[in-house]
$ cat upload_35.txt   # compact mmCIF, C-alpha atoms
# COMPACT_ATOMS: atom_id res chain seq x y z
CA ALA A 1 -0.36 4.74 -21.43
CA GLU A 2 0.87 3.53 -24.78
CA VAL A 3 -2.34 1.56 -25.43
CA SER A 4 -5.13 3.71 -24.06
CA GLY A 5 -3.50 7.12 -24.30
CA LEU A 6 -4.45 7.85 -20.70
CA LEU A 7 -1.81 9.16 -18.32
CA GLY A 8 -2.01 10.27 -14.71
CA GLU A 9 -5.06 12.23 -13.53
CA ASP A 10 -6.99 11.11 -16.64
CA ARG A 11 -4.62 13.15 -18.76
CA LEU A 12 -4.21 12.14 -22.40
CA ASP A 13 -0.90 11.70 -24.14
CA CYS A 14 -0.41 14.33 -26.84
CA VAL A 15 -0.91 11.94 -29.77
CA ARG A 16 -4.28 10.83 -28.45
CA ALA A 17 -5.24 14.40 -27.51
CA SER A 18 -4.33 15.63 -31.00
CA ASP A 19 -6.41 12.90 -32.66
CA GLN A 20 -9.33 13.75 -30.40
CA CYS A 21 -9.05 17.45 -31.21
CA LEU A 22 -8.96 16.89 -34.96
CA LYS A 23 -12.29 15.04 -34.74
CA GLU A 24 -14.01 18.11 -33.28
CA GLN A 25 -14.72 20.88 -35.76
CA SER A 26 -14.17 23.81 -33.40
CA CYS A 27 -11.01 22.34 -31.87
CA SER A 28 -9.64 21.25 -35.24
CA THR A 29 -9.97 24.73 -36.73
CA LYS A 30 -8.19 26.40 -33.81
CA TYR A 31 -5.51 23.73 -33.72
CA ARG A 32 -4.70 24.12 -37.43
CA THR A 33 -4.53 27.88 -36.96
CA LEU A 34 -2.15 27.45 -34.05
CA ARG A 35 0.13 25.17 -36.05
CA GLN A 36 0.31 27.83 -38.77
CA CYS A 37 1.23 30.37 -36.11
CA VAL A 38 4.03 28.14 -34.81
CA ALA A 39 5.36 27.58 -38.32
CA GLY A 40 5.06 31.31 -38.97
CA LYS A 41 7.31 32.14 -36.02
CA GLU A 42 10.17 30.48 -37.80
CA SER A 43 9.54 32.41 -41.02
CA ASN A 44 8.63 35.82 -39.55
CA PHE A 45 4.98 35.07 -40.36
CA SER A 46 3.59 37.31 -37.62
CA ARG A 47 5.74 40.26 -38.67
CA ALA A 48 4.68 39.98 -42.29
CA THR A 49 0.90 39.66 -41.76
CA GLY A 50 0.45 42.24 -39.03
CA LEU A 51 -1.79 42.59 -35.98
CA GLU A 52 -4.78 40.75 -37.47
CA ALA A 53 -2.81 37.52 -37.68
CA LYS A 54 -1.49 38.01 -34.14
CA ASP A 55 -5.02 38.39 -32.79
CA GLU A 56 -6.09 35.24 -34.63
CA CYS A 57 -3.17 33.32 -33.14
CA LYS A 58 -4.00 34.60 -29.66
CA SER A 59 -7.64 33.61 -30.10
CA ALA A 60 -6.63 30.09 -31.13
CA MET A 61 -4.35 29.78 -28.09
CA GLU A 62 -7.07 30.85 -25.65
CA ALA A 63 -9.59 28.44 -27.18
CA LEU A 64 -7.23 25.47 -26.95
CA LYS A 65 -6.58 26.11 -23.26
CA GLN A 66 -10.02 24.59 -22.63
CA LYS A 67 -9.14 21.37 -24.47
CA SER A 68 -7.29 18.24 -23.32
CA LEU A 69 -4.57 19.10 -25.82
CA TYR A 70 -3.46 21.95 -23.57
CA ASN A 71 -2.53 19.70 -20.65
CA CYS A 72 -1.25 16.68 -22.57
CA ARG A 73 2.05 14.94 -21.78
CA CYS A 74 4.17 12.12 -23.20
CA LYS A 75 5.63 8.96 -21.75
CA ARG A 76 9.32 8.19 -22.08
CA GLY A 77 9.92 5.26 -24.43
CA MET A 78 6.29 5.20 -25.66
CA LYS A 79 5.38 4.36 -29.22
CA LYS A 80 5.33 7.50 -31.38
CA GLU A 81 7.30 9.31 -28.67
CA LYS A 82 8.87 11.73 -31.13
CA ASN A 83 5.49 12.61 -32.64
CA CYS A 84 4.02 13.10 -29.17
CA LEU A 85 6.86 15.44 -28.22
CA ARG A 86 6.50 17.40 -31.46
CA ILE A 87 2.84 18.06 -30.61
CA TYR A 88 3.71 19.00 -27.03
CA TRP A 89 6.38 21.51 -28.02
CA SER A 90 4.17 23.14 -30.65
CA MET A 91 1.58 23.74 -27.92
CA TYR A 92 4.10 24.73 -25.27
CA GLN A 93 5.92 27.28 -27.41
CA SER A 94 2.68 28.94 -28.46
CA LEU A 95 0.79 28.90 -25.18
CA GLN A 96 3.75 29.79 -22.98
CA GLY A 97 5.16 32.34 -25.37
CA ASN A 98 8.76 31.12 -25.03
CA ASP A 99 11.00 28.15 -25.57
CA LEU A 100 12.61 27.95 -22.14
CA LEU A 101 13.38 24.47 -20.91
CA GLU A 102 11.48 24.89 -17.67
CA ASP A 103 8.73 22.26 -17.85
CA SER A 104 9.08 18.56 -18.58
CA PRO A 105 6.94 17.18 -21.41
CA TYR A 106 6.91 13.78 -19.70
CA GLU A 107 4.23 12.49 -17.40
CA PRO A 108 5.64 12.41 -13.83
CA VAL A 109 6.67 8.92 -12.71
CA ASN A 110 6.95 9.66 -8.97
CA SER A 111 8.82 6.45 -8.25
CA ARG A 112 11.11 5.96 -5.26
CA LEU A 113 14.56 4.43 -4.92
CA SER A 114 13.13 2.21 -2.18
CA ASP A 115 10.83 0.65 -4.79
CA ILE A 116 13.88 -0.29 -6.86
CA PHE A 117 15.73 -1.71 -3.85
CA ARG A 118 12.86 -4.06 -3.03
CA LEU A 119 13.30 -5.58 -6.48
CA ALA A 120 17.10 -5.51 -6.54
CA PRO A 121 18.88 -8.18 -4.52
CA ILE A 122 22.24 -7.02 -5.95
CA VAL A 123 21.97 -3.71 -4.08
CA SER A 124 23.24 -3.89 -0.51
CA VAL A 125 22.19 -1.53 2.26
CA GLU A 126 25.81 -1.43 3.40
CA PRO A 127 27.91 -1.53 0.22
CA ALA A 128 30.88 0.00 2.01
CA LEU A 129 31.36 -3.28 3.86
CA SER A 130 31.72 -5.14 0.58
CA LYS A 131 35.31 -5.68 -0.51
CA GLY A 132 34.30 -6.61 -4.07
CA ASN A 133 33.76 -4.53 -7.19
CA ASN A 134 30.09 -3.49 -7.11
CA CYS A 135 30.16 -2.36 -10.74
CA LEU A 136 31.55 -5.71 -11.84
CA ASP A 137 28.88 -7.48 -9.79
CA ALA A 138 26.20 -5.34 -11.46
CA ALA A 139 27.52 -6.26 -14.92
CA LYS A 140 27.42 -9.95 -13.99
CA ALA A 141 23.86 -9.56 -12.73
CA CYS A 142 22.93 -7.90 -16.03
CA ASN A 143 24.25 -10.90 -17.95
CA LEU A 144 22.02 -13.17 -15.88
CA ASN A 145 18.93 -11.19 -16.88
CA ASP A 146 17.67 -11.85 -20.42
CA THR A 147 16.34 -8.33 -21.02
CA CYS A 148 19.42 -6.57 -19.68
CA LYS A 149 21.81 -8.89 -21.51
CA ARG A 150 19.98 -8.45 -24.83
CA PHE A 151 19.83 -4.65 -24.75
CA ARG A 152 23.36 -4.35 -23.40
CA SER A 153 24.72 -6.46 -26.25
CA ALA A 154 22.64 -4.34 -28.62
CA TYR A 155 24.54 -1.16 -27.67
CA ILE A 156 27.97 -2.71 -27.11
CA THR A 157 28.13 -3.84 -30.75
CA PRO A 158 27.55 -0.48 -32.51
CA CYS A 159 29.43 1.45 -29.83
CA THR A 160 32.59 -0.63 -30.30
CA SER A 161 32.46 -1.34 -34.06
CA SER A 162 34.73 1.02 -35.98
CA THR A 163 33.95 2.23 -39.49
CA SER A 164 36.36 3.23 -42.25
CA ASN A 165 36.65 6.86 -41.15
CA GLU A 166 35.25 6.90 -37.62
CA ILE A 167 35.80 5.06 -34.34
CA CYS A 168 32.17 3.94 -34.42
CA ASN A 169 28.71 4.78 -35.71
CA LYS A 170 27.71 7.30 -33.04
CA ARG A 171 24.12 7.62 -34.26
CA LYS A 172 23.46 3.88 -33.94
CA CYS A 173 25.34 3.78 -30.65
CA HIS A 174 23.17 6.56 -29.21
CA LYS A 175 19.94 4.95 -30.37
CA ALA A 176 20.91 1.61 -28.79
CA LEU A 177 21.88 3.33 -25.52
CA ARG A 178 18.50 5.09 -25.35
CA LEU A 179 16.77 1.74 -25.79
CA PHE A 180 18.89 0.21 -23.03
CA PHE A 181 17.96 2.83 -20.45
CA ASP A 182 14.34 3.01 -21.62
CA LYS A 183 13.68 -0.73 -21.64
CA VAL A 184 15.95 -2.32 -19.01
CA PRO A 185 14.65 -2.34 -15.40
CA PRO A 186 16.42 0.27 -13.24
CA LYS A 187 17.67 -2.36 -10.79
CA HIS A 188 20.04 -3.51 -13.57
CA SER A 189 20.72 -0.35 -15.59
CA TYR A 190 21.21 1.83 -12.49
CA GLY A 191 23.26 -0.91 -10.87
CA MET A 192 25.84 -0.51 -13.64
CA LEU A 193 25.65 3.28 -13.98
CA PHE A 194 25.39 4.35 -10.32
CA CYS A 195 27.22 1.54 -8.51
CA SER A 196 29.19 2.49 -5.39
CA CYS A 197 32.98 2.20 -5.56
CA ARG A 198 36.02 2.15 -3.28
CA ASP A 199 38.84 1.95 -5.83
CA ILE A 200 39.89 3.13 -9.28
CA ALA A 201 39.16 -0.21 -10.96
CA CYS A 202 35.52 0.08 -9.93
CA THR A 203 35.04 3.77 -10.79
CA GLU A 204 36.70 3.31 -14.17
CA ARG A 205 34.38 0.42 -14.98
CA ARG A 206 31.45 2.66 -14.01
CA ARG A 207 32.74 5.44 -16.26
CA GLN A 208 33.12 2.98 -19.13
CA THR A 209 29.52 1.73 -18.83
CA ILE A 210 28.27 3.79 -21.79
CA VAL A 211 31.39 3.17 -23.94
CA PRO A 212 32.40 6.86 -23.75
CA VAL A 213 34.99 6.64 -26.53
CA CYS A 214 32.03 6.41 -28.92
CA SER A 215 28.94 7.75 -27.16
CA TYR A 216 30.54 10.61 -25.25
CA GLU A 217 33.92 11.81 -26.47
CA ASP A 218 34.67 13.57 -29.74
CA LYS A 219 37.64 15.11 -31.52
CA GLU A 220 36.88 18.58 -30.15
CA LYS A 221 34.75 19.94 -27.33
CA PRO A 222 32.02 22.31 -28.56
CA ASN A 223 30.84 25.30 -26.56
CA CYS A 224 28.13 24.19 -24.11
CA LEU A 225 25.63 26.80 -25.30
CA ASN A 226 26.13 25.70 -28.90
CA LEU A 227 25.59 22.11 -27.81
CA GLN A 228 22.42 23.17 -26.01
CA ASP A 229 21.15 24.85 -29.20
CA SER A 230 21.81 21.64 -31.14
CA CYS A 231 19.95 19.67 -28.50
CA LYS A 232 16.91 21.96 -28.64
CA LYS A 233 16.53 21.30 -32.37
CA ASN A 234 15.87 17.62 -31.66
CA TYR A 235 12.55 16.76 -29.98
CA ILE A 236 13.95 13.82 -28.01
CA CYS A 237 17.06 15.63 -26.76
CA ARG A 238 15.17 18.82 -25.97
CA SER A 239 12.60 16.88 -23.97
CA ARG A 240 15.12 14.82 -22.04
CA LEU A 241 17.07 17.98 -21.17
CA ALA A 242 13.91 19.71 -19.95
CA ASP A 243 13.10 16.63 -17.88
CA PHE A 244 16.59 16.76 -16.34
CA PHE A 245 16.24 20.45 -15.47
CA THR A 246 12.86 19.75 -13.88
CA ASN A 247 13.66 16.68 -11.81
CA CYS A 248 17.28 17.37 -10.79
CA GLN A 249 16.75 20.99 -9.77
CA PRO A 250 18.88 21.62 -6.64
CA GLU A 251 17.33 23.28 -3.61
CA SER A 252 19.58 24.17 -0.67
CA ARG A 253 16.67 24.38 1.80
CA SER A 254 15.38 20.87 1.12
CA ILE A 255 16.40 17.78 3.07
CA SER A 256 17.76 15.97 0.02
CA SER A 257 19.14 19.06 -1.78
CA CYS A 258 16.53 18.33 -4.48
CA LEU A 259 13.60 20.67 -5.08
CA LYS A 260 11.28 17.71 -5.67
CA GLU A 261 12.72 15.57 -2.85
CA ASN A 262 12.82 12.57 -5.20
CA TYR A 263 16.08 10.83 -6.05
CA ALA A 264 14.53 8.21 -8.37
CA ASP A 265 13.01 10.82 -10.69
CA CYS A 266 16.34 12.65 -10.90
CA LEU A 267 18.26 9.49 -11.80
CA LEU A 268 15.61 8.60 -14.39
CA ALA A 269 15.92 12.07 -15.96
CA TYR A 270 19.73 11.88 -15.97
CA SER A 271 19.80 8.43 -17.60
CA GLY A 272 17.31 9.72 -20.18
CA LEU A 273 19.96 12.11 -21.53
CA ILE A 274 22.30 9.23 -22.39
CA GLY A 275 22.05 8.54 -26.10
CA THR A 276 21.40 12.15 -27.13
CA VAL A 277 23.85 14.84 -28.29
CA MET A 278 23.75 16.01 -24.65
CA THR A 279 25.00 12.64 -23.37
CA PRO A 280 26.67 13.19 -19.96
CA ASN A 281 29.24 10.99 -18.23
CA TYR A 282 31.58 10.99 -15.24
CA ILE A 283 34.34 13.49 -15.98
CA ASP A 284 37.00 11.34 -14.26
CA SER A 285 37.47 8.25 -12.14
CA SER A 286 37.80 9.99 -8.78
CA SER A 287 34.46 11.72 -8.20
CA LEU A 288 30.75 11.75 -8.92
CA SER A 289 30.96 14.92 -11.04
CA VAL A 290 29.37 14.56 -14.46
CA ALA A 291 29.17 16.76 -17.54
CA PRO A 292 28.28 16.62 -21.22
CA TRP A 293 31.16 16.73 -23.69
CA CYS A 294 31.52 20.54 -23.88
CA ASP A 295 33.25 23.50 -22.27
CA CYS A 296 32.81 27.27 -22.04
CA SER A 297 35.71 28.42 -24.18
CA ASN A 298 34.82 31.03 -26.81
CA SER A 299 31.71 32.07 -24.88
CA GLY A 300 32.36 35.80 -25.15
CA ASN A 301 29.72 37.80 -23.30
CA ASP A 302 27.75 34.62 -22.60
CA ILE A 303 30.41 33.14 -20.30
CA GLU A 304 28.22 33.38 -17.17
CA GLU A 305 25.27 31.72 -18.87
CA CYS A 306 27.54 28.99 -20.19
CA LEU A 307 29.13 28.31 -16.80
CA LYS A 308 25.70 28.21 -15.18
CA PHE A 309 24.61 25.57 -17.67
CA LEU A 310 27.77 23.50 -17.22
CA ASN A 311 27.70 23.76 -13.42
CA PHE A 312 24.14 22.43 -13.40
CA PHE A 313 25.78 19.13 -14.34
CA GLN A 314 29.17 19.31 -12.61
CA ASP A 315 28.16 20.80 -9.25
CA ASN A 316 24.60 19.52 -8.96
CA THR A 317 24.18 18.48 -5.31
CA CYS A 318 20.77 16.97 -6.03
CA LEU A 319 22.20 14.63 -8.67
CA LYS A 320 25.28 13.77 -6.60
CA ASN A 321 23.19 12.94 -3.55
CA ALA A 322 20.87 10.83 -5.70
CA ILE A 323 23.79 8.82 -7.09
CA GLN A 324 25.29 8.50 -3.61
CA ALA A 325 21.95 7.35 -2.17
CA PHE A 326 21.50 4.67 -4.81
CA GLY A 327 25.01 3.39 -4.20
CA ASN A 328 24.36 3.26 -0.45
CA GLY A 329 20.97 1.60 -0.84
CA THR A 330 19.15 4.48 0.87
CA ASP A 331 16.41 6.92 -0.05
CA VAL A 332 15.30 10.40 1.00
CA THR A 333 12.90 9.13 3.68
CA VAL A 334 15.57 6.89 5.21
CA TRP A 335 17.91 9.78 5.97
CA GLN A 336 15.39 12.25 7.34
CA PRO A 337 11.60 12.67 7.30
CA ILE A 338 10.47 14.72 4.28
CA LEU A 339 9.73 18.28 5.32
CA PRO A 340 8.20 21.06 3.21
CA VAL A 341 10.68 23.56 1.82
CA GLN A 342 10.54 26.63 4.03
CA THR A 343 12.81 29.27 5.48
CA THR A 344 12.62 28.34 9.17
CA THR A 345 15.87 28.11 11.10
CA ALA A 346 15.44 24.45 12.04
CA THR A 347 14.80 23.32 8.47
CA THR A 348 17.62 25.39 7.07
CA THR A 349 20.03 24.03 9.66
CA THR A 350 19.03 20.43 8.96
CA ALA A 351 19.24 20.94 5.21
CA SER A 352 22.66 22.54 5.53
CA ARG A 353 23.90 19.63 7.64
CA PHE A 354 22.60 17.14 5.06
CA LYS A 355 24.06 19.11 2.19
CA SER A 356 27.48 19.38 3.80
CA MET A 357 27.42 15.66 4.50
CA GLY A 358 26.57 14.97 0.87
CA SER A 359 29.31 17.23 -0.47
CA GLU A 360 31.93 15.77 1.85
CA SER A 361 31.06 12.22 0.85
CA THR A 362 31.21 12.96 -2.86
CA ASN A 363 34.38 15.01 -3.02
CA ASN A 364 36.51 11.89 -2.68
CA GLU A 365 34.12 9.19 -3.71
CA ILE A 366 36.70 6.41 -4.06
CA SER A 367 37.69 6.33 -0.40
CA THR A 368 34.20 6.53 1.08
CA HIS A 369 30.67 5.38 0.69
CA ASN A 370 30.27 4.99 4.41
CA ASP A 371 29.56 8.62 5.32
CA LEU A 372 25.95 7.77 6.12
CA PRO A 373 25.19 8.17 9.81
CA ALA A 374 24.87 4.84 11.62
CA CYS A 375 21.26 5.77 12.22
CA ALA A 376 20.57 5.80 8.47
CA ASN A 377 22.14 2.38 8.01
CA LEU A 378 20.19 1.08 11.01
CA GLN A 379 16.94 2.37 9.56
CA ALA A 380 17.71 0.81 6.21
CA GLN A 381 18.36 -2.58 7.82
CA LYS A 382 15.26 -2.42 9.99
CA ARG A 383 13.11 -1.40 7.03
CA LYS A 384 14.36 -4.34 5.01
CA SER A 385 13.54 -6.78 7.81
CA ASN A 386 10.19 -5.07 8.60
CA GLU A 387 11.27 -4.38 12.18
CA SER A 388 10.72 -1.14 14.04
CA VAL A 389 13.55 1.34 14.16
CA ASP A 390 15.26 2.09 17.44
CA THR A 391 14.79 5.82 17.18
CA GLU A 392 16.11 6.40 20.72
CA LEU A 393 19.50 5.09 19.61
CA CYS A 394 19.42 7.42 16.62
CA LEU A 395 18.49 10.37 18.80
CA ASN A 396 21.26 9.68 21.28
CA GLU A 397 23.79 9.39 18.45
CA ASN A 398 22.63 12.63 16.85
CA ALA A 399 22.67 14.43 20.17
CA ILE A 400 26.38 13.80 20.79
CA GLY A 401 28.35 16.86 19.81
CA LYS A 402 25.38 18.55 18.12
CA ASP A 403 23.87 21.91 18.92
CA ASN A 404 20.37 22.38 20.29
CA THR A 405 18.93 23.31 16.90
CA VAL A 406 19.90 19.99 15.39
CA ARG A 407 18.41 18.11 18.35
CA VAL A 408 15.10 19.94 17.83
CA SER A 409 15.05 19.12 14.11
CA THR A 410 15.33 15.35 14.71
CA SER A 411 13.69 14.81 18.06
CA HIS A 412 10.15 14.75 16.63
CA ILE A 413 10.88 11.34 15.09
CA SER A 414 10.08 9.68 18.42
CA SER A 415 8.21 12.48 20.13
CA GLU A 416 5.50 10.17 21.46
CA ASN A 417 8.00 7.86 23.18
CA SER A 418 10.17 10.65 24.54
CA SER A 419 7.22 12.58 25.98
CA ALA A 420 6.20 9.52 28.00
CA LEU A 421 9.64 9.03 29.60
CA PRO A 422 9.48 11.70 32.36
CA THR A 423 6.05 10.47 33.57
CA SER A 424 7.02 6.80 33.74
CA PHE A 425 10.30 7.68 35.43
CA SER A 426 8.53 9.79 38.13
CA LEU A 427 5.96 7.07 38.91
CA SER A 428 8.55 4.34 39.30
CA THR A 429 10.67 6.52 41.59
CA LEU A 430 7.61 7.35 43.74
CA LEU A 431 6.68 3.68 44.13
CA ILE A 432 10.20 2.78 45.28
CA LEU A 433 10.22 5.59 47.86
CA MET A 434 6.79 4.55 49.19
CA THR A 435 7.96 0.93 49.53
CA ILE A 436 11.07 1.98 51.47
CA ALA A 437 9.03 4.24 53.76
CA LEU A 438 6.54 1.44 54.50
CA SER A 439 9.35 -0.99 55.33
CA ILE A 440 10.93 1.49 57.75
CA SER A 441 7.62 2.16 59.54
CA LEU A 442 6.96 -1.59 59.96
CA PHE A 443 10.46 -2.09 61.34
CA LEU A 444 10.03 0.72 63.86
CA SER A 445 6.64 -0.62 64.93
CA SER A 446 8.06 -4.07 65.61
CA SER A 447 10.95 -2.57 67.58
CA GLU A 448 8.58 -0.67 69.86
CA THR A 449 6.53 -3.82 70.48
CA LEU A 450 9.61 -5.72 71.54
$ encode --input "upload_35.txt" --output "structure tokens"
Amino acid sequence: AEVSGLLGEDRLDCVRASDQCLKEQSCSTKYRTLRQCVAGKESNFSRATGLEAKDECKSAMEALKQKSLYNCRCKRGMKKEKNCLRIYWSMYQSLQGNDLLEDSPYEPVNSRLSDIFRLAPIVSVEPALSKGNNCLDAAKACNLNDTCKRFRSAYITPCTSSTSNEICNKRKCHKALRLFFDKVPPKHSYGMLFCSCRDIACTERRRQTIVPVCSYEDKEKPNCLNLQDSCKKNYICRSRLADFFTNCQPESRSISSCLKENYADCLLAYSGLIGTVMTPNYIDSSSLSVAPWCDCSNSGNDIEECLKFLNFFQDNTCLKNAIQAFGNGTDVTVWQPILPVQTTTATTTTASRFKSMGSESTNNEISTHNDLPACANLQAQKRKSNESVDTELCLNENAIGKDNTVRVSTSHISSENSSALPTSFSLSTLLILMTIALSISLFLSSSETL
């Protein structure tokens, strides 16, 4: 994407789309008009010049909807990323008529955690059986990889070097952290940030991964809405936050508790925030709850909006389940088959069961990472060894102590095998009975002859 400018579905990145537009006379004229309209919003341009200017702006917007510039996106970590995002937001604000953080400016990656596991020998499908420190093991694995070791050293230095008046140079620390998570393969960066733990030593090492004393903490906690406003003024931060809102959106009716049913995209979006003013981190060493360095004090009438923003981090079941899944070496499709989000009773029941399981396993993260059903672990092992999964065992396990609704929601996994059981059972029984009857008749016949 960085070389050709082409993204998914033949979509151009915004830098390439802008260059292409400026070469066309009709597109160039409308685009320049639109940029004046965007700049005018900040200086009350539209109010000062009246309805004629508004109509001209509207005309420019409608014309550009037919151009590739309208549907352009950017790629995280690409060259000229900031310029690409600037172009995107100028279009988005004008064409959408608002500045809500509801759409991601980044081209969807659509990766899966299972793709990462295939490349990551340090990730175990049953980490709960390991008595070691998974976070320490991940750090050692990073040091054995040239790319990971180089970029890790590159952020450790500025994040731990104090200056005359400050603990560190936070700006340089943030920039180096962004490079680490943008350039290092997820099997290493995620291994350090989302490693599974069973004790305080491990969880504290995980919390210290981003050197929070420099990158995260500050002398005072700002109000979360003020921090959000500061973030929106920076193209990188604004874009990473929008990406997080898009890809970590919780959905109670979904199997995974994620609207997009994709853990990998959520973890990518979360890690993308690290190194911005909205840098999040684990709030303590006893749970998977995360938050940016802010609170909702002095919110006044905006207290509900502030708490909603903060809770999107702290109580995000989608994000927690994604972190838990990575630590357990599982993915969405390993736990349950992906079903469309709907309001049927069976789906809601299954989703609720999954969600309650996820919340129980994350409330006290230190003492458990083994809350996965045995069926899930079995499937993970079978998948890794390319063997078929014994779904009958899974069904029998799920059936014990469950209500009929839950049985219905899982039984379709092996519906073909289960539907054949009654027929085969009846035939075998019939053959045995016929054999017994024939033996008796022969015996009687021989007795009469004698």
$ residues_around --input "upload_35.txt" --residues "A:Gly191" --least-positions-apart "2" --cutoff "8 Å" --atoms "only C-alpha atoms" --output "list in words"
Ile122, Val123, Cys135, Ala138, Ala139, Pro186, Lys187, His188, Ser189, Leu193, Phe194 and Cys195 of chain A
$ atom_distance --input "upload_35.txt" --atom1 "atom CA of A:Arg206" --atom2 "atom CA of A:Asn223"
25.9 Å
$ axis_aligned_box --input "upload_35.txt" --around "stretch 269-276 of chain A" --padding-each-side "4 Å" --output "AutoDock Vina command-line options"
--center_x 19.1 --center_y 10.3 --center_z -21.5 --size_x 14.4 --size_y 11.7 --size_z 19.2
$ atom_distance --input "upload_35.txt" --atom1 "atom CA of A:Asp182" --atom2 "atom CA of A:Thr279"
14.5 Å
$ closest_residue --input "upload_35.txt" --among "A:Asp146, A:Ser104, A:Val184, A:Leu136" --to "A:Gln249" --atoms "all atoms listed in the file"
A:Ser104
$ residues_around --input "upload_35.txt" --residues "A:Cys318" --least-positions-apart "5" --cutoff "6 Å" --atoms "only C-alpha atoms" --output "ChimeraX atom specification"
/A:248,250,257-258
$ atom_distance --input "upload_35.txt" --atom1 "atom CA of A:Ile200" --atom2 "atom CA of A:Asn281"
16.0 Å
$ residues_near_point --input "upload_35.txt" --point "(21.2, 4.6, -5.0)" --cutoff "10 Å" --atoms "only C-alpha atoms" --output "PyMOL selection string"
chain A and resi 113-114+116-117+123-125+187+190-191+194-196+263-264+267+321-331
$ closest_residue --input "upload_35.txt" --among "A:Gln66, A:Ser164, A:Gln36, A:Thr317" --to "A:Ser90" --atoms "all atoms listed in the file"
A:Gln36
$ closest_residue --input "upload_35.txt" --among "A:Phe180, A:Asp284, A:Ser254, A:Leu69" --to "A:Cys142" --atoms "only C-alpha atoms"
A:Phe180
$ residues_around --input "upload_35.txt" --residues "A:Leu241" --least-positions-apart "4" --cutoff "12 Å" --atoms "only C-alpha atoms" --output "ChimeraX atom specification"
/A:100-106,227-237,245-249,266,268-280,292,309,312-313
$ residues_around --input "upload_35.txt" --residues "A:Thr157" --least-positions-apart "3" --cutoff "10 Å" --atoms "all atoms listed in the file" --output "list in words"
Arg152, Ser153, Ala154, Thr160, Ser161, Ser162, Cys168, Asn169, Lys172, Cys173 and Ala176 of chain A
$ residues_around --input "upload_35.txt" --residues "A:Arg73" --least-positions-apart "2" --cutoff "10 Å" --atoms "all atoms listed in the file" --output "short mmCIF file (atom, residue, chain, number, x, y, z; two decimals) with C-alpha atoms, keeping the file's coordinate frame"
data_model
loop_
_atom_site.label_atom_id
_atom_site.label_comp_id
_atom_site.auth_asym_id
_atom_site.auth_seq_id
_atom_site.Cartn_x
_atom_site.Cartn_y
_atom_site.Cartn_z
CA GLY A 5 -3.50 7.12 -24.30
CA LEU A 6 -4.45 7.85 -20.70
CA LEU A 7 -1.81 9.16 -18.32
CA GLY A 8 -2.01 10.27 -14.71
CA ARG A 11 -4.62 13.15 -18.76
CA LEU A 12 -4.21 12.14 -22.40
CA ASP A 13 -0.90 11.70 -24.14
CA CYS A 14 -0.41 14.33 -26.84
CA VAL A 15 -0.91 11.94 -29.77
CA ALA A 17 -5.24 14.40 -27.51
CA LEU A 69 -4.57 19.10 -25.82
CA TYR A 70 -3.46 21.95 -23.57
CA ASN A 71 -2.53 19.70 -20.65
CA LYS A 75 5.63 8.96 -21.75
CA ARG A 76 9.32 8.19 -22.08
CA CYS A 84 4.02 13.10 -29.17
CA LEU A 85 6.86 15.44 -28.22
CA ILE A 87 2.84 18.06 -30.61
CA TYR A 88 3.71 19.00 -27.03
CA SER A 104 9.08 18.56 -18.58
CA PRO A 105 6.94 17.18 -21.41
CA TYR A 106 6.91 13.78 -19.70
CA GLU A 107 4.23 12.49 -17.40
CA PRO A 108 5.64 12.41 -13.83
#
$ closest_residue --input "upload_35.txt" --among "A:Phe181, A:Arg198, A:Gln208, A:Trp293" --to "A:Glu220" --atoms "only C-alpha atoms"
A:Trp293
$ closest_residue --input "upload_35.txt" --among "A:Asn134, A:Glu261, A:Lys175, A:Cys214" --to "A:Ala201" --atoms "all atoms listed in the file"
A:Asn134
